[in-house]
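Peer 1: The structure's right below; bear with me while I get my questions together.
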Amino acid sequence: MITAGIDSGAKNVKAVIVKDAKVIGKAMVPAGLDTRGAADQAYDEALKAAGVGRKDVQKVFATGVGRKGCEFAQDEVTDVSAAAKGIRFVMPNARTVIDVGAEEGRAIRINQEGYVVDFAINEKCAAGAGTFVEAMARALETEVEKMADLYDRSTKEIEMNAQCAVFAESELVSLVHSQTAKPDIARAVLDAVGERIISIMRRIGIEKDVAAIGGLALNGGFIKAVEKEMNIKLIVPQDPQFVSAIGAAIAAAE
Amino acid sequence: MADAKKEFWRWPESRWTNPEIDWKKGKYITAGIDVGSVSTQGVIMVDGELYCYGNMRTGSSSPDSAINVFNKATEGTGLTLKDIHFTVGTGYGRVNVPFGNRAITEIACHARGANWMYGPAVKTVLDMGGQDCKAIKIDDKGKVVAFLMNDKCAAGTGRGMEVFADLLGVPIEDVGDMSLNVGEEPPPVNSTCVIFAKSEAASLLRAGWPKEKVLAAYCSAMAHRVLSLLEKVNVEKEFAITGGIAKNRGVVKRLTKELGIEACETRWHNKAYADKGFPFDTQIAGAIGAALFGKALAEKGSK
C-alpha cells in the first residue's frame with residue numbers, strides 16, 4: 001500500500017510517500033504566497049523521488065497550518081496527532097516530543113501505544129518559534145544555519161532580558177553596539193528559545209526519551225541549549241522536519 | 001526609490017518654553033526627567049508651573065539621553081543644571097540620570113502627571129509607552145491605587161506601532177488618521193504577536209487591501225489588546241490616556257468605542273493653560289509628575 005502525507009507549514013510544505021511502512025520519497029518546498037501551488041509541487045517532487053505517480057497512491061492525508069489548502073488530500077490530521085504518529089514511526093521509544101516550527105512550538109507526551117496523553121502549544125508569540133531565531137539571525141547579519149556554529153564558538157554566557165522578538169531585536173542591536181561577541185549573542189538567542197520551549201514542555205510533564213522534531217531541531221545550538229538547561233539528552237531523528245508529514249502518511253495507511 | 005530610506009517610525013522631536021515665566025524669579029526650579037525605553041522627556045517647572053519641556057528619542061545610553069533632553073528642554077532659556085533645585089528621574093532609565101536627586105517609578109509619576117494635566121476627576125490612566133503599557137487606578141490626588149502592566153510583549157506598545165509604520169511606509173504620526181479613513185471597519189488582525197501580525201499584514205497587502213484598511217485592522221487589534229488590561233483593573237471614569245499612542249486617534253477611538261467610556265479630551269485641566277493654547281503633549285505626563293514630586297521634595301528640603 002502506498003500513501004502520502006503532506007505537512008503544509010507556515011514556512012515550508014513537506015511531502016512524504018510511504019510504501020508498506022517505508023519512506024520511499026520526500027520533498028520540501030517553500031510555502032511562499034501560494035500554499036496550494038506549493039503543496040502540489042512538493043507532492044509531485046516527492047512522487048518523482050519515489051518513482052511513482054499520483055494514481056499509484058491510495059490515500060493522501062494533510063496536516064499543518066495550511067492543511068485546508070491541500071485540495072488533493074482525502075482527509076486531514078491535526079499537527080499534534082501527525083507529530084505523535086510520525087515520532088512513533090521513527091523513534092518508538094520517545095515519550096515526550098518537542099516540535100518547533102517556524103511559527104509554533106509544541107510539546108506532546110505520548111504513551112507506549114503511541115496515543116497522545118497531553119500536549120501544549122505556543123502559537124501566539126514568536127518567542128519560542130523558529131521565526132524568532134530567523135529575526136535574530138537577520139539582526140546579527142548572519143544566517144540561521146550559521147547560528148549553531150556561532151553557538152559552539154561562544155565563550156561567555158550572557159542573558160537576554162527581552163522575551164518579545166521585537167524587544168529582543170533592539171536589545172540585540174545594543175549588545176552588538178557594546179561590542180559583545182557575536183557567538184555569545186547567538187548563544188543567548190538560542191538559549192532564550194530553548195527556555196521558552198522548556199517552559200511549554202514543563203506544562204505537560206517530561207518523560208524520557210525526549211525527542212525533538214520540526215525545523216528548529218536541525219539547529220544543533222538549539223538542541224544543546226535545551227539539553228544543557230534540562231540536563232537531559234535529546235534524540236533527534238534524521239530529517240526532523242519531515243516527521244509530521246510521515247505521521248500524516250501513516251495515518252492515511254491506517 | 002527614495003522612499004525606501006525614509007524612517008517612517010521616526011516621530012518629530014519637540015521642545016517648548018512658557019513665555020510668561022521668568023525663571024530667575026522662581027523660588028523652586030525643579031526638573032523631571034523621564035528616560036523611557038523609546039523616548040525621553042525633560043520638564044522644568046518653576047514653582048509648580050510648567051516652564052519648558054523637551055521630548056526626544058532615547059539614545060543608546062541613558063545618562064546621555066538624560067543630559068541631551070535637559071539641554072533640549074532648556075534651549076534658549078539660559079537655564080543650566082546648577083540652577084535646578086531638585087531633579088527627579090523616572091522611567092526605565094531613572095537610576096541613570098546623572099544629575100538626578102531621586103528616582104521615582106514611572107507609574108507614580110504618570111499617575112501624578114495625568115492628575116495634573118487632565119485634572120483630579122481622573123480615576124483611570126492608561127499609559128501607552130514605547131515598550132510597555134500600564135493601566136493605573138488613581139485617587140483625586142493622583143496617588144496610585146492599583147495598576148497592571150504589560151512589559152513583556154510588543155503588542156499594544158508604541159514600538160509595535162513603529163514596526164508597522166515602517167512596514168507600510170506610513171509616517172507614524174499619520175497612522176491614526178489614515179486608519180480611520182476606511183469605508184467599513186475590517187476585522188482586527190488575528191495575530192497578537194507583532195512579528196506574526198507583520199506577516200499577516202504583508203499577505204493582506206498582497207491580497208489587495210489598501211494601506212488604510214490594513215492599518216485599521218492593526219489599530220483595532222491594538223485597541224483590543226489594551227482593553228483586556230483595562231478591564232482587569234476595573235476601568236472607571238474619568239479615563240485619561242498618556243504616552244505616545246494617546247496621539248493615535250485610530251487606536252484611541254477604537255479603544256473608547258469598545259470600552260464604552262470616552263477618554264478625556266487632550267486639553268489642560270488648568271484653564272489658563274488651555275485658554276492660552278499651551279501645547280498639550282501626552283508624552284510628557286511622566287516627566288511632569290517627576291517635576292511635581294521634585295517640587296514637593298525641594299520644599300521639604302530633602303536634598
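Within each chain, counting starts at residue 1; across the C-alpha cells, chains are named A, B, ... in the order shown, with ligands numbered 1 upward in that order.
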Should the cut-off be 8 Å, what would the residue list for chain A against chain B look like, counting only C-alpha atoms, as a PDB file with C-alpha atoms, in the first residue's frame?

Peer 2:
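Dumped to part_19.pdb:
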ATOM      1  CA  LEU A  33       2.421  33.033  -1.123  1.00  0.00           C
ATOM      2  CA  GLU A 103       5.524  29.942  13.867  1.00  0.00           C
ATOM      3  CA  LYS A 124       0.567  33.299  19.836  1.00  0.00           C
ATOM      4  CA  CYS A 125       4.085  34.548  20.232  1.00  0.00           C
ATOM      5  CA  ALA A 126       7.179  34.419  18.042  1.00  0.00           C
ATOM      6  CA  ALA A 162      13.670  40.684  26.464  1.00  0.00           C
ATOM      7  CA  GLN A 163      11.327  37.866  25.693  1.00  0.00           C
ATOM      8  CA  CYS A 164       9.414  39.542  22.896  1.00  0.00           C
ATOM      9  CA  ALA A 165      11.099  39.210  19.496  1.00  0.00           C
ATOM     10  CA  VAL A 166      10.514  42.899  18.774  1.00  0.00           C
ATOM     11  CA  PHE A 167      12.182  43.991  22.020  1.00  0.00           C
ATOM     12  CA  SER A 174      22.593  47.339  21.758  1.00  0.00           C
TER      13      SER A 174
END

Peer 1: If you run DSSP on the backbone, which residues of segment 7-231 of chain B are alpha helix (DSSP H), as a PyMOL selection string?

Peer 2: chain B and resi 62-74+106-118+158-168+175-180+194-206+211-231

Peer 1: Report as a PyMOL selection string all protein, DNA and RNA residues lying within 9 Å of Lys85 of chain A, evaluated on only C-alpha atoms, omitting residues in the same chain fewer than 2 positions from it.

Peer 2: chain A and resi 80-83+87-90+114-115+243-244+246-248+250-251

Peer 1: Keeping only N, CA and C atoms, take the residues you just selected and write them out as a PDB file, in the first residue's frame.

Peer 2:
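Result written to part-v2.pdb:
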ATOM      1  N   VAL A  80      -0.781  17.859  16.054  1.00  0.00           N
ATOM      2  CA  VAL A  80      -0.355  17.094  17.218  1.00  0.00           C
ATOM      3  C   VAL A  80      -0.399  15.595  16.923  1.00  0.00           C
ATOM      4  N   SER A  81      -1.485  15.115  16.319  1.00  0.00           N
ATOM      5  CA  SER A  81      -1.535  13.671  16.108  1.00  0.00           C
ATOM      6  C   SER A  81      -0.597  13.247  14.984  1.00  0.00           C
ATOM      7  N   ALA A  82      -0.382  14.121  14.002  1.00  0.00           N
ATOM      8  CA  ALA A  82       0.593  13.789  12.960  1.00  0.00           C
ATOM      9  C   ALA A  82       1.989  13.656  13.555  1.00  0.00           C
ATOM     10  N   ALA A  83       2.345  14.595  14.443  1.00  0.00           N
ATOM     11  CA  ALA A  83       3.663  14.536  15.066  1.00  0.00           C
ATOM     12  C   ALA A  83       3.797  13.271  15.904  1.00  0.00           C
ATOM     13  N   ILE A  87       6.486  10.377  15.115  1.00  0.00           N
ATOM     14  CA  ILE A  87       7.583  10.062  16.042  1.00  0.00           C
ATOM     15  C   ILE A  87       7.528   8.596  16.445  1.00  0.00           C
ATOM     16  N   ARG A  88       6.323   8.046  16.564  1.00  0.00           N
ATOM     17  CA  ARG A  88       6.191   6.635  16.921  1.00  0.00           C
ATOM     18  C   ARG A  88       6.804   5.750  15.830  1.00  0.00           C
ATOM     19  N   PHE A  89       6.701   6.249  14.610  1.00  0.00           N
ATOM     20  CA  PHE A  89       7.244   5.508  13.471  1.00  0.00           C
ATOM     21  C   PHE A  89       8.774   5.588  13.440  1.00  0.00           C
ATOM     22  N   VAL A  90       9.307   6.799  13.656  1.00  0.00           N
ATOM     23  CA  VAL A  90      10.764   6.934  13.526  1.00  0.00           C
ATOM     24  C   VAL A  90      11.521   6.677  14.832  1.00  0.00           C
ATOM     25  N   GLY A 114       1.485   4.872  21.719  1.00  0.00           N
ATOM     26  CA  GLY A 114       1.570   5.929  20.709  1.00  0.00           C
ATOM     27  C   GLY A 114       0.428   6.926  20.763  1.00  0.00           C
ATOM     28  N   TYR A 115      -0.417   6.821  21.790  1.00  0.00           N
ATOM     29  CA  TYR A 115      -1.514   7.778  21.905  1.00  0.00           C
ATOM     30  C   TYR A 115      -1.060   9.056  22.594  1.00  0.00           C
ATOM     31  N   VAL A 243       8.995  14.684   9.999  1.00  0.00           N
ATOM     32  CA  VAL A 243       8.330  13.704  10.864  1.00  0.00           C
ATOM     33  C   VAL A 243       6.797  13.828  10.830  1.00  0.00           C
ATOM     34  N   SER A 244       6.281  15.053  10.830  1.00  0.00           N
ATOM     35  CA  SER A 244       4.823  15.220  10.828  1.00  0.00           C
ATOM     36  C   SER A 244       4.209  14.790   9.499  1.00  0.00           C
ATOM     37  N   ILE A 246       5.424  12.404   7.662  1.00  0.00           N
ATOM     38  CA  ILE A 246       5.443  10.939   7.766  1.00  0.00           C
ATOM     39  C   ILE A 246       4.228  10.488   8.572  1.00  0.00           C
ATOM     40  N   GLY A 247       3.986  11.192   9.675  1.00  0.00           N
ATOM     41  CA  GLY A 247       2.837  10.856  10.520  1.00  0.00           C
ATOM     42  C   GLY A 247       1.522  10.913   9.751  1.00  0.00           C
ATOM     43  N   ALA A 248       1.383  11.920   8.882  1.00  0.00           N
ATOM     44  CA  ALA A 248       0.157  12.038   8.084  1.00  0.00           C
ATOM     45  C   ALA A 248       0.039  10.864   7.111  1.00  0.00           C
ATOM     46  N   ILE A 250       1.302   7.888   7.553  1.00  0.00           N
ATOM     47  CA  ILE A 250       0.996   6.704   8.367  1.00  0.00           C
ATOM     48  C   ILE A 250      -0.503   6.692   8.692  1.00  0.00           C
ATOM     49  N   ALA A 251      -1.013   7.870   9.057  1.00  0.00           N
ATOM     50  CA  ALA A 251      -2.448   7.973   9.367  1.00  0.00           C
ATOM     51  C   ALA A 251      -3.283   7.580   8.150  1.00  0.00           C
TER      52      ALA A 251
END

Peer 1: When you count only C-alpha atoms, which of these residues is closest to Glu173 of chain B: B:Ala246, B:Leu148, B:Ala135, B:Leu230?

Peer 2: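 Result for the nearest residue to Glu173 of chain B: B:Ala246.
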
Peer 1: Do a neighbour search on Val18 of chain A at 9 Å with only C-alpha atoms, toss out local chain neighbours closer than 3 positions, and write the hits as a PDB file with N, CA and C atoms, in the first residue's frame.

Peer 2:
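Saved file selection_33.pdb follows:
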ATOM      1  N   MET A   1       0.832  -1.196   0.000  1.00  0.00           N
ATOM      2  CA  MET A   1       0.000   0.000   0.000  1.00  0.00           C
ATOM      3  C   MET A   1       0.875   1.258   0.000  1.00  0.00           C
ATOM      4  N   ILE A   2       0.523   2.187  -0.883  1.00  0.00           N
ATOM      5  CA  ILE A   2       1.278   3.448  -0.940  1.00  0.00           C
ATOM      6  C   ILE A   2       0.374   4.591  -0.460  1.00  0.00           C
ATOM      7  N   THR A   3       0.883   5.360   0.508  1.00  0.00           N
ATOM      8  CA  THR A   3       0.145   6.539   0.975  1.00  0.00           C
ATOM      9  C   THR A   3       1.070   7.754   0.962  1.00  0.00           C
ATOM     10  N   ALA A   4       0.459   8.938   1.073  1.00  0.00           N
ATOM     11  CA  ALA A   4       1.261  10.160   1.107  1.00  0.00           C
ATOM     12  C   ALA A   4       0.807  11.051   2.252  1.00  0.00           C
ATOM     13  N   GLY A   5       1.748  11.783   2.810  1.00  0.00           N
ATOM     14  CA  GLY A   5       1.448  12.759   3.852  1.00  0.00           C
ATOM     15  C   GLY A   5       1.994  14.121   3.434  1.00  0.00           C
ATOM     16  N   ALA A  21       5.070   0.779   5.149  1.00  0.00           N
ATOM     17  CA  ALA A  21       5.814   1.229   6.322  1.00  0.00           C
ATOM     18  C   ALA A  21       7.275   1.580   6.024  1.00  0.00           C
ATOM     19  N   LYS A  22       7.496   2.100   4.835  1.00  0.00           N
ATOM     20  CA  LYS A  22       8.843   2.566   4.485  1.00  0.00           C
ATOM     21  C   LYS A  22       8.730   3.881   3.718  1.00  0.00           C
ATOM     22  N   VAL A  23       9.568   4.856   4.072  1.00  0.00           N
ATOM     23  CA  VAL A  23       9.550   6.127   3.345  1.00  0.00           C
ATOM     24  C   VAL A  23      10.283   5.930   2.022  1.00  0.00           C
ATOM     25  N   ILE A  24       9.580   6.148   0.916  1.00  0.00           N
ATOM     26  CA  ILE A  24      10.242   5.928  -0.372  1.00  0.00           C
ATOM     27  C   ILE A  24      10.484   7.224  -1.154  1.00  0.00           C
ATOM     28  N   GLY A  25       9.962   8.312  -0.665  1.00  0.00           N
ATOM     29  CA  GLY A  25      10.242   9.574  -1.341  1.00  0.00           C
ATOM     30  C   GLY A  25       9.824  10.745  -0.481  1.00  0.00           C
ATOM     31  N   LYS A  26      10.572  11.838  -0.566  1.00  0.00           N
ATOM     32  CA  LYS A  26      10.168  13.023   0.185  1.00  0.00           C
ATOM     33  C   LYS A  26      10.643  14.282  -0.527  1.00  0.00           C
ATOM     34  N   ALA A  50      10.134   9.127  -5.382  1.00  0.00           N
ATOM     35  CA  ALA A  50       9.748   7.755  -5.048  1.00  0.00           C
ATOM     36  C   ALA A  50       9.602   6.891  -6.300  1.00  0.00           C
ATOM     37  N   ILE A 246       5.424  12.404   7.662  1.00  0.00           N
ATOM     38  CA  ILE A 246       5.443  10.939   7.766  1.00  0.00           C
ATOM     39  C   ILE A 246       4.228  10.488   8.572  1.00  0.00           C
ATOM     40  N   ALA A 249       1.166  10.465   6.523  1.00  0.00           N
ATOM     41  CA  ALA A 249       1.149   9.329   5.587  1.00  0.00           C
ATOM     42  C   ALA A 249       0.800   8.028   6.320  1.00  0.00           C
ATOM     43  N   ILE A 250       1.302   7.888   7.553  1.00  0.00           N
ATOM     44  CA  ILE A 250       0.996   6.704   8.367  1.00  0.00           C
ATOM     45  C   ILE A 250      -0.503   6.692   8.692  1.00  0.00           C
ATOM     46  N   ALA A 253      -2.516   5.434   5.969  1.00  0.00           N
ATOM     47  CA  ALA A 253      -2.404   3.983   5.751  1.00  0.00           C
ATOM     48  C   ALA A 253      -3.249   3.190   6.749  1.00  0.00           C
TER      49      ALA A 253
END

Peer 1: Please identify all polymer residues within 7 Å of Gly250 of chain B, counting only C-alpha atoms, omitting same-chain residues fewer than 3 positions from it, and present them as a list in words.

Peer 2: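 The residues that qualify are Gly176, Asp177, Ser179, Leu180, Cys219, Lys253 and Arg254 of chain B.
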
Peer 1: Do a neighbour search on Val236 of chain A at 10 Å with only C-alpha atoms, toss out local chain neighbours closer than 6 positions, and write the hits as a PDB file with C-alpha atoms, in the first residue's frame.

Peer 2:
ATOM      1  CA  VAL A  90      10.764   6.934  13.526  1.00  0.00           C
ATOM      2  CA  MET A  91      11.564   6.778  17.263  1.00  0.00           C
ATOM      3  CA  VAL A  97       8.271  15.301  21.766  1.00  0.00           C
ATOM      4  CA  VAL A 210      12.618  13.180  24.766  1.00  0.00           C
ATOM      5  CA  ALA A 211      12.708  13.751  21.012  1.00  0.00           C
ATOM      6  CA  ALA A 212      12.982  16.988  19.052  1.00  0.00           C
ATOM      7  CA  ILE A 213      11.375  17.461  15.642  1.00  0.00           C
ATOM      8  CA  GLY A 214      10.462  20.345  13.350  1.00  0.00           C
ATOM      9  CA  ALA A 217      15.615  20.553  15.596  1.00  0.00           C
ATOM     10  CA  LEU A 218      18.127  20.856  12.739  1.00  0.00           C
ATOM     11  CA  GLY A 220      22.495  21.914  16.914  1.00  0.00           C
ATOM     12  CA  ILE A 223      19.403  21.219  20.860  1.00  0.00           C
TER      13      ILE A 223
END

Peer 1: For segment 153-155 of chain A, list every protein, DNA or RNA residue within 10 Å, evaluated using only C-alpha atoms, and leave out those in the same chain fewer than 4 positions away; present the list as a short mmCIF file (atom, residue, chain, number, x, y, z; two decimals) with N, CA and C atoms, in the first residue's frame.

Peer 2:
data_model
loop_
_atom_site.label_atom_id
_atom_site.label_comp_id
_atom_site.auth_asym_id
_atom_site.auth_seq_id
_atom_site.Cartn_x
_atom_site.Cartn_y
_atom_site.Cartn_z
N MET A 147 23.96 29.88 12.96
CA MET A 147 23.76 30.16 14.38
C MET A 147 24.34 29.04 15.26
N ALA A 148 24.20 27.78 14.79
CA ALA A 148 24.69 26.66 15.59
C ALA A 148 26.21 26.70 15.71
N ASP A 149 26.86 27.06 14.61
CA ASP A 149 28.31 27.15 14.61
C ASP A 149 28.75 28.29 15.54
N ALA A 181 30.56 39.83 21.81
CA ALA A 181 30.97 38.91 20.74
C ALA A 181 29.75 38.25 20.11
N LYS A 182 29.77 38.15 18.79
CA LYS A 182 28.66 37.58 18.03
C LYS A 182 28.30 36.16 18.50
N PRO A 183 29.30 35.29 18.70
CA PRO A 183 28.94 33.93 19.17
C PRO A 183 28.19 33.96 20.49
N ASP A 184 28.57 34.86 21.38
CA ASP A 184 27.89 34.93 22.69
C ASP A 184 26.44 35.39 22.52
N ILE A 185 26.22 36.29 21.57
CA ILE A 185 24.85 36.76 21.32
C ILE A 185 24.02 35.63 20.71
N ALA A 186 24.63 34.91 19.75
CA ALA A 186 23.93 33.80 19.11
C ALA A 186 23.51 32.76 20.15
N ARG A 187 24.41 32.51 21.09
CA ARG A 187 24.09 31.55 22.13
C ARG A 187 22.95 32.05 23.01
N ALA A 188 23.00 33.33 23.35
CA ALA A 188 21.93 33.90 24.17
C ALA A 188 20.57 33.75 23.47
#

Peer 1: Within 10 Å of segment 105-127 of chain B, which residues of segment 26-58 of chain B come that close, and what is the closest atom pair and distance in Å for each? Count only C-alpha atoms and give it as JSON lines.

Peer 2:
{"residue": "B:Gly32", "atom": "CA", "partner": "B:Cys109", "partner_atom": "CA", "distance": 9.2}
{"residue": "B:Asp34", "atom": "CA", "partner": "B:Glu106", "partner_atom": "CA", "distance": 7.6}
{"residue": "B:Val35", "atom": "CA", "partner": "B:Glu106", "partner_atom": "CA", "distance": 9.4}
{"residue": "B:Gly36", "atom": "CA", "partner": "B:Glu106", "partner_atom": "CA", "distance": 8.9}

Peer 1: Atom CA of Glu143 of chain A and atom CA of Glu200 of chain B are how many Å apart?

Peer 2: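 Atom CA of Glu200 of chain B lies 23.1 Å from atom CA of Glu143 of chain A.
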
Peer 1: Using only C-alpha atoms, can you tell me which of A:Asn231, A:Thr131, A:Gln41, A:Gln112 comes closest to Val193 of chain A?

Peer 2: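 Using only C-alpha atoms, the shortest distance to Val193 of chain A belongs to A:Thr131.
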
Peer 1: Kindly indicate which residue among B:Trp16, B:Trp9, B:Phe280, B:Phe293 lies nearest to Ala31 of chain B, using only C-alpha atoms for the distances.

Peer 2: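 Of the candidates, the smallest distance to Ala31 of chain B is held by B:Phe293.
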
Peer 1: Rank B:Pro186, B:Gly48, B:Gly243, B:Gly142 by their smallest atom-to-atom distance to Leu215 of chain B, using only C-alpha atoms, and report the top residue only.

Peer 2: B:Pro186
